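Trainee: The structure under discussion is supplied below as structure tokens; questions concerning it will follow.
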Amino acid sequence: MSFKNKFFWQVFAMCSCAVYTLVSLNGCSADYDTFGKSDYRVLSEITLAEQESSPAVYPDNHRMEFDLVAPPESLETWDSVTVDAIDMSHFASLHLVKGKVEEFPTDSVKLDSLADKVSVSENVIKAGNKIAMPSEHVIYVVVVSESGKKSIWQLNFNIPEVKPKSSSSAPKSSNTAKSSSSAKSAASSNSSAASCSSAKSAVSSSCSTAVLASSSSAASSDSGKPGESSSSAKNESSSSAASVASSSSAAKSSQPPKILALSIAGRAAVVDEESKSIHVDDLDFRTDLTSLELSALELSDGATANVEVGKPYDFGSGISVTVENADGESETYTVKAGYQLPGSNFNSWKGDDVTPDSIWGNANTILITTEKKTSGSMIGAIIKTGSALTKTASGSLYTADFNPNGVGTLSMASSSTWPDGNELLDFGKPFAARPEFMEVKFSYEGKGDSCDIYILLENRTGNKNVNRKSSDVNKLVASAWFRSTKADNSGRKNPDVVSVSEPDENGMRTLRLKLKYGEPLSGSPIEISSTFNTKLASSNKSAINNGLVQGAGDEPVTHIRVVFASSADGNHYKGSKGATLIVDEMRLIY
């Protein structure tokens, strides 16, 4: 496939969009925002009348977990829950999923795909509605934006003394499994909930995924019956809930198996219990990650693990650690380690250059388009598209060397000699880690232009591209790419984006990208870049071949490219004067 990589270069008053390059006066990116109905579909929280306390909300996984009060003595279990309030995007609506969800992923891209596939009930869930409780204690809801875009969520319910029903028809989800394992002891579900577990439609009043009735109509039901008010249910069940807690704790013979703490090479790891991932992100730069000592491991009482403290492991690629308790329950964690790029907090500068300049470069030649930015508590980089001598020059900051072959200014000024300004740079720096995510704080005012923020991991047979041999092969191992006309990601769809936060006190948003190992995700901006162009556009003998071929994703990583550009098409002489990208605190997460 033929793709177009967007960088910018500056020369003599010429750096274009994407990383540096000269740009024509009237050029600008082709990425324009469209106006219309809102795409916002953020679900912050659902509160229920029957909940014991506020739900645990895991926004990255689109999951909520509710601890309910014990059901009244007249019920074996809650056969429905009552919606008290819904906190979500203003113009969005909430609906139940029709039919079954066989598997609930945690990857953001797969979640979006699932949301697009499922059918939803026409009925809108509102405060006061009752929703039937399935025997599996799992409900799926979809937030639908004003424009029709969807976001799916999984709601898990823990009911004292009632274990979720396990059956072949139950949704296959790791989150559901975790919720089920936390149930204290078994009790049979009532016939209404049992019949719902096999129901296909979310419209039937007897179905586990149906909105049963509003609270106003349910209020006339007898106290203790399925439709009783939540306040009476809470009062009636308070004493039984206390007895359940003590009896269930006595019944358990051992604690669930968990990794409580872990250290690699003397560095404490971050333990993410929800995703079952453990990572150390701040080892010394270019540490050999293939043989690192497991220096500390703390497990829950009675648990054992399949690793030993004091032994070396390949934490660069990551290992699976399984912990098990005396009852045979087990959990498996992925454990990885890595390091940061020096200077990636952008706090250290020498003039207008981020240090160390052995890692970070820019296109500052005659026209300064990248410089230090200080605002409030922040020290970062301001990257701005400018113009000189009728040419537009994009601001840029990247892991690359600008013009290492010493091409003359007049030559660089010729777009016919240099139709792709990327060929004036030697992209990539030595690197051997395998991060899962990249985060960076940023703001962007595009003036109709688009910015580029991306990361590429490479496997090379050689070192620098400036001395690349014809026999050398450079493969793309992993990528993540953000291109947008607006900082809130409301422009083009970027499938590698996990999240973009609201602005902080300095006006900076936090962007999180998930690296895709192997072939990039469909729709990624890498598809319209020159990343995969292995044939030079320029006939000049000083042109540098930065082209990649697609790798499988399991190759060893040898180099890294990180690019920040205020205009996204600089290598083809296009950009908008005044487009401004500010970046700070880039971080790799393993």
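Chain labels follow the order of the structure tokens: the first chain is A, the next B, and so on; residue numbering restarts at 1 in every chain, and ligands are counted from 1 in their shown order.
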I'd like the neighbourhood of Ser348 (chain A) as a list in words, where a residue qualifies if any of its atoms comes within 10 Å (using only C-alpha atoms), though same-chain residues fewer than 5 positions away should be ignored.

Mentor: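 In the requested form, the answer reads Pro342, Gly343, Asp353, Val354, Thr355, Pro356, Lys372, Ile379 and Gly380 of chain A.
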
Trainee: With C-alpha atoms retained, export the selected residues as a PDB file, in the first residue's frame.

Mentor:
```
ATOM      1  CA  PRO A 342      15.519  11.586  28.021  1.00  0.00           C
ATOM      2  CA  GLY A 343      14.175  15.137  28.030  1.00  0.00           C
ATOM      3  CA  ASP A 353      16.591  23.417  21.675  1.00  0.00           C
ATOM      4  CA  VAL A 354      15.228  20.719  23.973  1.00  0.00           C
ATOM      5  CA  THR A 355      18.076  18.845  25.639  1.00  0.00           C
ATOM      6  CA  PRO A 356      19.533  16.370  25.212  1.00  0.00           C
ATOM      7  CA  LYS A 372      10.547  27.075  25.195  1.00  0.00           C
ATOM      8  CA  ILE A 379       7.562  24.354  31.123  1.00  0.00           C
ATOM      9  CA  GLY A 380       7.033  22.897  27.679  1.00  0.00           C
TER      10      GLY A 380
END
```

Trainee: What are the closest atom pairs, with distances in Å to one decimal, for each residue of region 456-480 of chain A lying within 6 Å of region 496-520 of chain A, using only C-alpha atoms, rows by chain and rising residue number, as a Markdown table?

Mentor:
```
| residue | atom | partner | partner_atom | distance |
| --- | --- | --- | --- | --- |
| A:Val477 | CA | A:Gly518 | CA | 5.6 |
| A:Ala478 | CA | A:Tyr517 | CA | 4.1 |
| A:Ser479 | CA | A:Leu515 | CA | 5.2 |
| A:Ala480 | CA | A:Leu515 | CA | 4.8 |
```

Trainee: What is the distance, in Å and to one decimal place, between CA of Lys486 (chain A) and CA of Leu425 (chain A)?

Mentor: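 Computing it gives 27.2 Å between the two atoms.
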
Trainee: If you run DSSP on this backbone, which residues of region 249-293 of chain A come out as strand (DSSP E or B), and could you give them as a list in words?

Mentor: Ile259, Leu260, Ala261, Leu262, Ser263, Ile264, Arg267, Ala268, Val270, Val271, Asp272, Ser277, Ile278, His279, Val280, Asp281, Asp282, Leu283, Leu292 and Glu293 of chain A

Trainee: Can you tell me, as a list in words, what residues are no more than 10 Å from Ile382 (chain A) when counting only C-alpha atoms, ignoring any on the same chain fewer than 2 positions away?

Mentor: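 My list of contacting residues is Thr369, Thr370, Glu371, Lys372, Lys373, Thr374, Ile379, Gly380, Lys384, Gly395, Ser396, Leu397, Phe442, Ser443, Tyr444, Ser566, Thr580, Leu581, Ile582, Val583 and Asp584 of chain A.
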
Trainee: Which one of A:Ala432, A:Ser108, A:Val562, A:Pro160 sits closest to Pro72 (chain A) if you count only C-alpha atoms?

Mentor: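 Residue with the minimum atom-to-atom distance to Pro72 (chain A): A:Pro160.
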
Trainee: Quick check, in Å to one decimal: how far apart do CA of Tyr313 (chain A) and CA of Asp272 (chain A) lie?

Mentor: 20.0 Å

Trainee: For Leu297 (chain A), which residue out of A:Gly310, A:Pro556, A:Gly578, A:Gly351 is the nearest one, using only C-alpha atoms?

Mentor: A:Gly310

Trainee: Which one of A:Lys163, A:Lys117, A:Lys37, A:Lys391 sits closest to Ser145 (chain A) if you count only C-alpha atoms?

Mentor: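 Checking each of A:Lys163, A:Lys117, A:Lys37, A:Lys391 against Ser145 (chain A), counting only C-alpha atoms, the winner is A:Lys37.
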